[in-house]
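Have a look at entry03.txt below; it lists compact mmCIF, C-alpha atoms.
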```txt
# COMPACT_ATOMS: atom_id res chain seq x y z
CA MET C 1 116.65 44.62 11.27
CA PHE C 2 118.43 42.48 8.76
CA ILE C 3 120.99 41.55 11.44
CA ARG C 4 118.23 40.72 14.00
CA ARG C 5 116.63 38.24 11.55
CA ASP C 6 119.98 36.55 11.03
CA ASN C 7 120.47 36.32 14.80
CA TYR C 8 117.02 34.79 15.11
CA ASN C 9 117.78 32.21 12.39
CA LEU C 10 121.15 31.39 13.99
CA SER C 11 119.67 30.76 17.43
CA GLY C 12 116.93 28.58 15.84
CA ASN C 13 119.54 26.45 14.10
CA ILE C 14 121.46 26.08 17.33
CA MET C 15 118.28 24.87 19.09
CA LYS C 16 117.58 22.36 16.32
CA ARG C 17 121.15 21.05 16.54
CA LYS C 18 120.90 20.60 20.30
CA GLY C 19 117.64 18.68 19.87
CA GLN C 20 119.29 16.40 17.32
CA GLU C 21 122.25 15.77 19.63
CA GLU C 22 119.88 14.77 22.44
CA MET C 23 118.02 12.34 20.17
CA VAL C 24 121.31 10.80 19.05
CA GLY C 25 122.32 10.42 22.70
CA PHE C 26 119.00 8.79 23.49
CA ALA C 27 119.38 6.39 20.59
CA LEU C 28 122.90 5.47 21.80
CA ILE C 29 121.55 4.75 25.29
CA LEU C 30 118.88 2.50 23.76
CA ILE C 31 121.46 0.57 21.76
CA VAL C 32 123.80 0.09 24.73
CA VAL C 33 120.98 -1.06 27.04
CA GLY C 34 119.64 -3.37 24.31
CA ILE C 35 123.06 -5.04 23.96
CA VAL C 36 123.38 -5.44 27.75
CA VAL C 37 119.91 -7.04 27.96
CA LEU C 38 120.69 -9.44 25.10
CA VAL C 39 123.94 -10.54 26.76
CA PHE C 40 122.12 -11.04 30.08
CA LEU C 41 119.38 -13.09 28.38
CA ALA C 42 121.90 -15.24 26.56
CA ILE C 43 123.74 -16.04 29.82
CA SER C 44 120.58 -16.79 31.82
CA LEU C 45 119.01 -18.97 29.11
CA ASN C 46 122.23 -20.96 28.76
CA LYS C 47 122.30 -21.64 32.50
CA ARG C 48 118.66 -22.76 32.53
CA GLY C 49 119.32 -25.16 29.69
CA SER C 50 121.05 -27.65 31.92
CA GLU C 51 118.89 -27.48 35.03
CA ASN C 52 118.83 -30.63 37.09
CA ILE C 53 116.29 -30.83 39.86
CA ASN C 54 116.67 -33.26 42.73
CA SER C 55 113.57 -35.40 43.08
CA VAL C 56 111.92 -37.46 45.78
CA GLU C 57 111.11 -40.13 43.19
CA THR C 58 114.69 -40.69 42.04
CA ASP C 59 116.03 -40.59 45.61
CA SER C 60 113.49 -43.25 46.61
CA PHE C 61 114.39 -45.29 43.54
CA VAL C 62 118.10 -45.24 44.35
CA GLN C 63 117.44 -46.18 47.99
CA SER C 64 115.13 -49.04 46.98
CA MET C 65 117.47 -50.26 44.24
CA LEU C 66 120.36 -50.55 46.68
CA GLN C 67 118.36 -52.95 48.84
CA TYR C 68 117.48 -55.31 45.98
CA THR C 69 118.71 -58.87 46.60
CA SER C 70 120.82 -59.99 43.67
CA ASN C 71 121.66 -63.48 42.46
CA CYS C 72 125.32 -63.06 43.37
CA GLN C 73 126.14 -64.92 46.55
CA ASP C 74 128.96 -64.89 49.03
CA SER C 75 129.49 -67.26 51.92
CA PHE C 76 126.73 -65.55 53.92
CA GLY C 77 124.03 -65.60 51.26
CA ASN C 78 122.71 -63.43 48.44
CA LEU C 79 124.18 -59.97 48.23
CA SER C 80 122.17 -56.79 48.06
CA ILE C 81 123.05 -54.35 45.28
CA LYS C 82 124.82 -52.21 47.88
CA ASP C 83 127.01 -55.13 48.99
CA LEU C 84 127.51 -56.18 45.37
CA ILE C 85 128.88 -52.73 44.58
CA PHE C 86 131.53 -53.11 47.27
CA THR C 87 132.30 -56.67 46.11
CA CYS C 88 132.80 -55.35 42.59
CA ASN C 89 134.98 -52.53 43.87
CA SER C 90 137.22 -54.94 45.74
CA GLY C 91 137.55 -57.16 42.65
CA LYS C 92 136.05 -60.30 44.23
CA ASP C 93 133.84 -62.80 42.39
CA CYS C 94 130.50 -64.32 43.32
CA LEU C 95 130.46 -67.73 44.99
CA ASP C 96 129.58 -69.44 41.69
CA GLY C 97 132.60 -67.85 39.98
CA MET C 98 130.66 -65.15 38.12
CA ASP C 99 132.38 -61.78 37.92
CA SER C 100 130.70 -59.53 40.46
CA CYS C 101 130.95 -56.44 38.24
CA SER C 102 129.23 -58.26 35.36
CA ALA C 103 126.51 -59.43 37.73
CA LEU C 104 126.10 -55.87 39.02
CA ASN C 105 125.95 -54.40 35.52
CA SER C 106 123.44 -56.90 34.14
CA THR C 107 121.19 -56.66 37.21
CA LEU C 108 121.16 -52.87 37.12
CA ILE C 109 120.39 -52.83 33.38
CA ASP C 110 117.40 -55.11 33.99
CA ILE C 111 116.19 -53.04 36.93
CA MET C 112 116.46 -49.77 35.02
CA ASN C 113 114.69 -51.22 31.95
CA LYS C 114 111.79 -52.52 34.02
CA SER C 115 111.44 -49.42 36.18
CA TRP C 116 111.70 -46.64 33.59
CA ASN C 117 109.75 -46.91 30.36
CA VAL C 118 111.93 -45.02 27.91
CA GLY C 119 110.70 -43.86 24.55
CA PRO C 120 110.51 -40.76 22.34
CA GLU C 121 106.79 -40.42 23.09
CA ASN C 122 106.97 -41.47 26.75
CA PRO C 123 107.28 -39.13 29.74
CA THR C 124 110.76 -40.62 30.30
CA ARG C 125 112.97 -39.90 27.32
CA GLY C 126 116.19 -41.32 28.75
CA TYR C 127 118.21 -42.09 31.83
CA GLU C 128 121.75 -42.21 33.08
CA LEU C 129 123.14 -44.16 36.01
CA ASN C 130 126.71 -43.70 37.13
CA ILE C 131 128.33 -45.59 40.01
CA THR C 132 131.89 -44.71 40.94
CA SER C 133 134.19 -45.39 43.81
CA HIS C 134 137.03 -43.10 44.78
CA THR C 135 139.39 -45.27 42.70
CA LYS C 136 137.46 -46.28 39.59
CA TYR C 137 134.26 -46.33 37.55
CA LEU C 138 132.15 -49.32 38.55
CA THR C 139 129.24 -49.08 36.17
CA TYR C 140 127.72 -46.63 33.72
CA ILE C 141 124.30 -47.17 32.14
CA ASP C 142 122.96 -44.77 29.56
CA ARG C 143 119.79 -45.16 27.54
CA GLY C 144 117.58 -42.95 25.46
CA GLU C 145 118.12 -39.29 24.75
CA HIS C 146 119.48 -36.58 26.99
CA THR C 147 117.13 -33.62 27.10
CA SER C 148 117.50 -30.32 28.89
CA ASN C 149 114.92 -31.33 31.53
CA SER C 150 116.04 -33.85 34.07
CA ILE C 151 115.42 -34.98 37.61
CA GLY C 152 118.25 -36.45 39.60
CA GLY C 153 119.04 -38.59 42.58
CA SER C 154 122.28 -39.30 44.32
CA GLN C 155 123.57 -41.43 47.13
CA ASP C 156 126.99 -41.70 48.64
CA PHE C 157 127.98 -44.30 51.17
CA SER C 158 131.07 -45.97 52.49
CA LYS C 159 132.24 -49.25 53.98
CA GLY C 160 135.49 -48.99 55.82
CA PRO C 161 137.97 -47.16 53.61
CA GLU C 162 135.85 -47.67 50.46
CA SER C 163 133.43 -45.00 49.41
CA VAL C 164 130.96 -45.06 46.54
CA ILE C 165 128.89 -42.40 44.82
CA ILE C 166 125.75 -43.12 42.82
CA LEU C 167 124.44 -40.46 40.46
CA MET C 168 121.24 -40.91 38.54
CA LYS C 169 119.43 -38.70 36.04
CA ILE C 170 116.04 -39.22 34.43
CA TYR C 171 115.44 -37.13 31.32
CA SER C 172 111.94 -36.04 30.36
CA MET X 173 114.51 17.60 28.27
CA ILE X 174 111.68 16.45 30.51
CA MET X 175 110.18 14.44 27.65
CA MET X 176 113.50 12.69 27.14
CA ILE X 177 113.79 11.81 30.83
CA LEU X 178 110.23 10.45 30.76
CA ALA X 179 111.03 8.40 27.65
CA VAL X 180 114.21 6.95 29.21
CA THR X 181 112.36 6.11 32.44
CA LEU X 182 109.59 4.40 30.51
CA PHE X 183 112.14 2.50 28.48
CA PHE X 184 113.96 1.18 31.56
CA ALA X 185 110.62 0.25 33.14
CA LEU X 186 109.77 -1.82 30.04
CA ILE X 187 113.18 -3.49 30.18
CA GLY X 188 112.65 -4.31 33.85
CA MET X 189 109.25 -5.86 33.17
CA PHE X 190 110.71 -7.90 30.35
CA ILE X 191 113.48 -9.25 32.62
CA LEU X 192 110.93 -10.06 35.35
CA VAL X 193 108.78 -12.05 32.92
CA ILE X 194 111.79 -14.08 31.76
CA SER X 195 113.05 -14.81 35.28
CA LEU X 196 109.60 -15.81 36.59
CA SER X 197 108.72 -17.98 33.59
CA ASN X 198 110.26 -21.04 35.27
CA ILE X 199 108.17 -20.69 38.43
CA LYS X 200 105.21 -22.67 37.09
CA GLN X 201 107.42 -25.62 36.25
CA LYS X 202 109.05 -25.52 39.68
CA ALA X 203 105.63 -25.31 41.36
CA ALA X 204 104.41 -28.36 39.43
CA ILE X 205 107.50 -30.33 40.45
CA LEU X 206 107.02 -29.23 44.07
CA GLN X 207 103.42 -30.44 43.99
CA GLN X 208 104.51 -33.80 42.61
CA ASP X 209 107.21 -34.09 45.24
CA ASN X 210 104.68 -33.33 47.99
CA ALA X 211 102.41 -36.08 46.70
CA LYS X 212 105.31 -38.53 46.62
CA LEU X 213 106.30 -37.52 50.13
CA LEU X 214 102.78 -38.49 51.21
CA VAL X 215 103.41 -41.92 49.69
CA SER X 216 106.78 -42.16 51.46
CA LYS X 217 105.13 -41.15 54.74
CA ILE X 218 102.71 -44.06 54.46
CA ALA X 219 105.49 -46.45 53.42
CA ASP X 220 107.55 -45.39 56.45
CA SER X 221 104.67 -45.77 58.92
CA PRO X 222 105.05 -48.59 61.49
CA GLU X 223 102.32 -50.67 59.79
CA PHE X 224 104.44 -51.04 56.65
CA SER X 225 108.07 -50.19 57.26
CA CYS X 226 110.87 -52.70 57.72
CA GLY X 227 112.30 -50.83 60.69
CA ASN X 228 115.31 -52.77 61.92
CA SER X 229 113.92 -56.19 61.00
CA PHE X 230 116.21 -56.58 58.01
CA GLY X 231 119.45 -55.33 59.46
CA THR X 232 120.24 -51.65 59.85
CA GLY X 233 117.19 -49.38 59.55
CA MET X 234 116.41 -49.03 55.87
CA GLY X 235 114.37 -46.24 54.33
CA SER X 236 111.83 -46.80 51.56
CA CYS X 237 111.39 -50.39 52.72
CA ILE X 238 108.15 -52.31 53.17
CA ASP X 239 107.96 -55.47 55.26
CA LEU X 240 105.78 -57.79 53.19
CA ASP X 241 105.35 -60.26 56.07
CA LYS X 242 103.75 -57.46 58.08
CA VAL X 243 101.63 -56.21 55.20
CA ILE X 244 100.18 -59.62 54.31
CA GLU X 245 98.77 -59.84 57.84
CA PHE X 246 97.81 -56.16 57.93
CA ARG X 247 95.29 -56.77 55.10
CA ASN X 248 93.00 -58.29 57.71
CA PHE X 249 93.11 -55.20 59.91
CA ILE X 250 92.79 -52.44 57.32
CA ARG X 251 89.13 -51.94 58.33
CA ASN X 252 90.35 -50.68 61.72
CA TYR X 253 92.01 -47.83 59.87
CA GLY X 254 88.77 -46.69 58.28
CA ASN X 255 89.79 -48.28 54.97
CA GLY X 256 92.35 -45.58 54.40
CA ALA X 257 90.63 -42.65 56.11
CA PHE X 258 93.36 -42.72 58.77
CA TRP X 259 95.87 -41.59 56.15
CA GLY X 260 93.41 -39.58 54.09
CA ILE X 261 93.54 -41.91 51.09
CA GLN X 262 90.92 -43.82 49.08
CA GLY X 263 93.05 -46.56 47.49
CA LEU X 264 96.25 -48.40 48.36
CA GLU X 265 98.13 -51.01 46.40
CA ILE X 266 101.63 -52.46 46.51
CA ARG X 267 103.16 -53.89 43.35
CA GLN X 268 106.41 -55.65 42.58
CA ILE X 269 108.29 -54.13 39.63
CA TYR X 270 111.42 -56.26 39.50
CA PRO X 271 111.21 -59.14 39.14
CA LYS X 272 107.81 -58.55 37.56
CA ASN X 273 104.96 -60.57 39.07
CA ASP X 274 101.25 -59.80 38.64
CA VAL X 275 99.92 -62.58 40.85
CA GLU X 276 97.67 -61.23 43.61
CA CYS X 277 98.97 -62.05 47.07
CA THR X 278 96.82 -64.24 49.26
CA ASP X 279 97.67 -66.48 52.19
CA SER X 280 98.25 -69.35 49.75
CA THR X 281 100.24 -67.51 47.04
CA PHE X 282 102.53 -65.48 49.32
CA PRO X 283 105.51 -65.02 48.89
CA ASN X 284 105.39 -66.10 45.21
CA CYS X 285 103.22 -63.17 44.24
CA GLY X 286 103.70 -59.56 43.29
CA LYS X 287 100.58 -57.54 44.02
CA ILE X 288 98.83 -56.68 47.28
CA THR X 289 95.59 -54.71 47.09
CA LEU X 290 94.96 -53.33 50.55
CA ILE X 291 92.25 -50.83 49.59
CA PRO X 292 90.78 -51.22 46.08
CA PHE X 293 90.98 -48.08 43.96
CA PRO X 294 87.62 -46.28 44.04
CA SER X 295 85.45 -46.41 40.95
CA THR X 296 84.74 -42.70 41.35
CA GLY X 297 88.35 -41.98 40.49
CA GLY X 298 90.85 -39.77 42.27
CA THR X 299 94.43 -38.68 41.97
CA GLY X 300 96.93 -41.54 41.87
CA VAL X 301 100.53 -41.22 42.90
CA SER X 302 103.22 -43.82 43.35
CA ASN X 303 106.75 -44.03 44.61
CA PHE X 304 109.47 -46.64 44.58
CA VAL X 305 109.98 -48.87 47.59
CA SER X 306 111.88 -51.98 48.47
CA LEU X 307 109.69 -55.04 49.22
CA CYS X 308 111.36 -57.34 51.72
CA HIS X 309 110.38 -60.61 53.38
CA PHE X 310 111.93 -63.50 55.22
CA TYR X 311 112.30 -67.02 53.86
CA SER X 312 113.99 -70.16 55.06
CA SER X 313 117.00 -71.68 53.27
CA ASP X 314 118.84 -74.74 54.65
CA GLY X 315 117.12 -74.11 57.96
CA GLN X 316 118.51 -70.57 58.10
CA PRO X 317 116.35 -67.44 57.95
CA ARG X 318 117.22 -65.32 54.94
CA THR X 319 115.88 -62.06 53.62
CA ARG X 320 114.95 -61.24 50.08
CA CYS X 321 114.18 -57.75 48.82
CA SER X 322 112.72 -56.87 45.45
CA LEU X 323 111.98 -53.53 43.83
CA GLY X 324 108.39 -52.40 43.98
CA GLU X 325 106.12 -49.42 44.13
CA ILE X 326 103.39 -48.29 46.48
CA ILE X 327 100.43 -46.63 44.79
CA ILE X 328 97.86 -44.53 46.57
CA THR X 329 94.74 -42.76 45.39
CA TYR X 330 93.43 -39.70 47.14
CA GLN X 331 90.84 -37.03 46.57
CA GLU X 332 92.33 -33.60 45.93
CA THR X 333 90.82 -30.79 47.97
CA SER X 334 90.09 -27.83 45.71
```
Re-express the file's structure as structure tokens.
Amino acid sequence: MFIRRDNYNLSGNIMKRKGQEEMVGFALILIVVGIVVLVFLAISLNKRGSENINSVETDSFVQSMLQYTSNCQDSFGNLSIKDLIFTCNSGKDCLDGMDSCSALNSTLIDIMNKSWNVGPENPTRGYELNITSHTKYLTYIDRGEHTSNSIGGSQDFSKGPESVIILMKIYS
Amino acid sequence: MIMMILAVTLFFALIGMFILVISLSNIKQKAAILQQDNAKLLVSKIADSPEFSCGNSFGTGMGSCIDLDKVIEFRNFIRNYGNGAFWGIQGLEIRQIYPKNDVECTDSTFPNCGKITLIPFPSTGGTGVSNFVSLCHFYSSDGQPRTRCSLGEIIITYQETS
């Protein structure tokens, strides 16, 4: 009888130990899954931080801006911004001797200032305009702050062997 | 054993719901941007219609371009379009942004003006949306026809259907 009680106590202890092992295993699973989820969240939130969405508004702006008639002239008349970009890229000057790249830069700065009202309390917090050819940077305009929300527009075009890319971002 | 399996299943279900909430949280923002883009596409559709667009008049066919010479005459015929009902809009205005000019265009002020009100904005209100366009017109210089394009915007007002 004495031996039977001991056997009963022994089997009870074994059951308790098995239960504890299962709980420890469960806790380990929870910890591993929790770490995996945290890593996944960190990666996905980092990616979302720099999301740039292409927008009809910025595409229209870039298209319209390229058609603007500047004050820089060649022998055929006033150049559009698009033609002025190629003139700047080829290193030629305007008919009045003004440097075409300076004319391009100053005109684009004026256009951007008048078109996008930048301010810390405005819907537009900043903008960035980058025009490059396959050989060099032509102009870079940056104003305001860069936030994680932006809409973008781009345009690439070519004239003969010259090709140009325009990238624009509006930060909100 | 069964209780543990149930607990693990419930735990993974909660994790899955959590991940779903995080991944779908950006959908509202994307839907708002899509709605804005659709409204701006409506504006672009009007700007690219034959009554307004430059077509090939200013060289190679240019998008987002409004022929001001056409529009200044079109003011007199806007009634034939049901004052905007043809496009489903209540108000229509074209403004020059750069160089800035707030002078209303009439037969006497054109082309030294910067604002054309084709359909006045309704006093009852509505949803306004605008998009950038190029405003182009012809002028004469030394007896030669020249073109000049400025940066502008076309603004429409429409009634949202709920």
TODO: Taking all atoms listed in the file into account, report as an MDAnalysis selection string which residues of chain C lie within 7 Å of chain X.
DONE: chainID C and resid 55:57 60:61 63:65 67:69 111 114:115
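The space separating atom CA of Pro222 of chain X from atom CA of Ile166 of chain C comes to 28.4 Å.
Atom pair atom CA of Leu167 of chain C / atom CA of Gln155 of chain C has a distance of 6.8 Å (rounded to one decimal).
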- [ ] List the residues sitting within 12 Å of (117.0, -38.7, 25.4) in the file's frame, using all atoms listed in the file, as a count of residues only.
- [x] 24
Task: Test item: residues at most 12 Å from segment 156-162 of chain C, all atoms listed in the file, excluding those fewer than 2 positions along its chain, as an MDAnalysis selection string - done: chainID C and resid 59 62:63 66 82:83 85:90 130:136 153:154 164:168
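The two atoms in question, atom CA of Trp259 of chain X and atom CA of Thr329 of chain X, are spaced 10.9 Å apart.
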- [ ] Give the answer as one residue: which of X:Ile288, X:Gly315, X:Ser280, X:Gly260 has the shortest atom-to-atom distance to Lys217 of chain X, using only C-alpha atoms?
- [x] X:Gly260
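Closest approach to Phe249 of chain X among X:Glu223, X:Asp279, X:Asp314, X:Glu265: X:Glu223, based on all atoms listed in the file.
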Contacts of Thr299 of chain X at 12 Å or less, counting all atoms listed in the file, minus same-chain residues fewer than 6 places along, as a compact mmCIF listing (two decimals) with C-alpha atoms, in the frame of the given file?
```
# COMPACT_ATOMS: atom_id res chain seq x y z
CA GLN X 208 104.51 -33.80 42.61
CA ALA X 211 102.41 -36.08 46.70
CA LYS X 212 105.31 -38.53 46.62
CA ILE X 261 93.54 -41.91 51.09
CA GLN X 262 90.92 -43.82 49.08
CA GLY X 263 93.05 -46.56 47.49
CA LEU X 264 96.25 -48.40 48.36
CA PHE X 293 90.98 -48.08 43.96
CA ILE X 327 100.43 -46.63 44.79
CA ILE X 328 97.86 -44.53 46.57
CA THR X 329 94.74 -42.76 45.39
CA TYR X 330 93.43 -39.70 47.14
CA GLN X 331 90.84 -37.03 46.57
CA GLU X 332 92.33 -33.60 45.93
CA THR X 333 90.82 -30.79 47.97
```
Task: Proximity to Gln268 of chain X - best of X:Gly300, X:Leu214, X:Asn255, X:Ile326, all atoms listed in the file - done: X:Ile326
Got a sec: who's within 7 Å of Asp74 of chain C, counting all atoms listed in the file, leaving out chain neighbours fewer than 3 positions off, as an mmCIF file with C-alpha atoms, in the frame of the given file?
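Generated file (out12.cif):
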```cif
data_model
loop_
_atom_site.group_PDB
_atom_site.id
_atom_site.type_symbol
_atom_site.label_atom_id
_atom_site.label_comp_id
_atom_site.auth_asym_id
_atom_site.auth_seq_id
_atom_site.Cartn_x
_atom_site.Cartn_y
_atom_site.Cartn_z
ATOM 1 C CA GLY C 77 124.030 -65.600 51.260
ATOM 2 C CA ASN C 78 122.710 -63.430 48.440
ATOM 3 C CA LEU C 79 124.180 -59.970 48.230
ATOM 4 C CA CYS C 94 130.500 -64.320 43.320
ATOM 5 C CA LEU C 95 130.460 -67.730 44.990
#
```
Starting from the incomplete input, reconstruct all heavy atoms of segment 214-224 of chain X and report them as a CSV table (one decimal), in the frame of the given file.
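Listed below is the output, rebuild.csv:
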```csv
chain,number,residue,atom,x,y,z
X,214,LEU,N,103.9,-37.9,50.5
X,214,LEU,CA,102.8,-38.5,51.2
X,214,LEU,C,102.9,-40.0,51.1
X,214,LEU,O,102.7,-40.7,52.1
X,214,LEU,CB,101.5,-38.0,50.6
X,214,LEU,CG,100.2,-38.7,51.0
X,214,LEU,CD1,99.9,-38.5,52.5
X,214,LEU,CD2,99.0,-38.2,50.2
X,215,VAL,N,103.3,-40.5,49.9
X,215,VAL,CA,103.4,-41.9,49.7
X,215,VAL,C,104.5,-42.5,50.6
X,215,VAL,O,104.4,-43.5,51.2
X,215,VAL,CB,103.7,-42.2,48.2
X,215,VAL,CG1,104.0,-43.7,48.0
X,215,VAL,CG2,102.6,-41.8,47.3
X,216,SER,N,105.6,-41.7,50.6
X,216,SER,CA,106.8,-42.2,51.5
X,216,SER,C,106.4,-42.2,52.9
X,216,SER,O,106.8,-43.0,53.7
X,216,SER,CB,108.0,-41.2,51.3
X,216,SER,OG,108.4,-41.3,49.9
X,217,LYS,N,105.5,-41.2,53.3
X,217,LYS,CA,105.1,-41.2,54.7
X,217,LYS,C,104.3,-42.4,55.1
X,217,LYS,O,104.5,-43.0,56.2
X,217,LYS,CB,104.3,-39.9,55.0
X,217,LYS,CG,103.9,-39.6,56.4
X,217,LYS,CD,102.9,-38.5,56.5
X,217,LYS,CE,101.5,-38.9,56.2
X,217,LYS,NZ,100.5,-37.9,56.5
X,218,ILE,N,103.5,-42.8,54.2
X,218,ILE,CA,102.7,-44.1,54.5
X,218,ILE,C,103.6,-45.3,54.5
X,218,ILE,O,103.5,-46.2,55.3
X,218,ILE,CB,101.6,-44.2,53.4
X,218,ILE,CG1,100.5,-43.1,53.6
X,218,ILE,CG2,101.0,-45.6,53.4
X,218,ILE,CD1,99.5,-43.0,52.5
X,219,ALA,N,104.6,-45.3,53.5
X,219,ALA,CA,105.5,-46.4,53.4
X,219,ALA,C,106.4,-46.5,54.7
X,219,ALA,O,106.8,-47.6,55.1
X,219,ALA,CB,106.4,-46.3,52.2
X,220,ASP,N,106.7,-45.4,55.3
X,220,ASP,CA,107.6,-45.4,56.4
X,220,ASP,C,106.8,-45.5,57.8
X,220,ASP,O,107.4,-45.4,58.8
X,220,ASP,CB,108.4,-44.1,56.5
X,220,ASP,CG,109.5,-44.1,55.4
X,220,ASP,OD1,109.8,-45.3,55.0
X,220,ASP,OD2,110.0,-43.1,55.0
X,221,SER,N,105.5,-45.6,57.7
X,221,SER,CA,104.7,-45.8,58.9
X,221,SER,C,104.9,-47.2,59.5
X,221,SER,O,105.3,-48.1,58.8
X,221,SER,CB,103.2,-45.5,58.6
X,221,SER,OG,102.7,-46.5,57.7
X,222,PRO,N,104.7,-47.3,60.8
X,222,PRO,CA,105.0,-48.6,61.5
X,222,PRO,C,104.3,-49.8,60.9
X,222,PRO,O,104.8,-50.9,61.0
X,222,PRO,CB,104.6,-48.4,62.9
X,222,PRO,CG,104.6,-46.9,63.1
X,222,PRO,CD,104.3,-46.3,61.8
X,223,GLU,N,103.1,-49.6,60.3
X,223,GLU,CA,102.3,-50.7,59.8
X,223,GLU,C,103.0,-51.3,58.6
X,223,GLU,O,102.7,-52.4,58.2
X,223,GLU,CB,100.9,-50.2,59.4
X,223,GLU,CG,100.0,-49.8,60.6
X,223,GLU,CD,100.3,-48.4,61.1
X,223,GLU,OE1,101.1,-47.7,60.5
X,223,GLU,OE2,99.6,-48.0,62.1
X,224,PHE,N,103.9,-50.6,57.9
X,224,PHE,CA,104.4,-51.0,56.6
X,224,PHE,C,106.0,-51.2,56.7
X,224,PHE,O,106.5,-52.0,56.0
X,224,PHE,CB,104.1,-50.1,55.5
X,224,PHE,CG,102.6,-50.0,55.2
X,224,PHE,CD1,101.8,-49.0,55.7
X,224,PHE,CD2,102.1,-50.9,54.3
X,224,PHE,CE1,100.5,-48.9,55.4
X,224,PHE,CE2,100.7,-50.8,54.0
X,224,PHE,CZ,99.9,-49.8,54.6
```
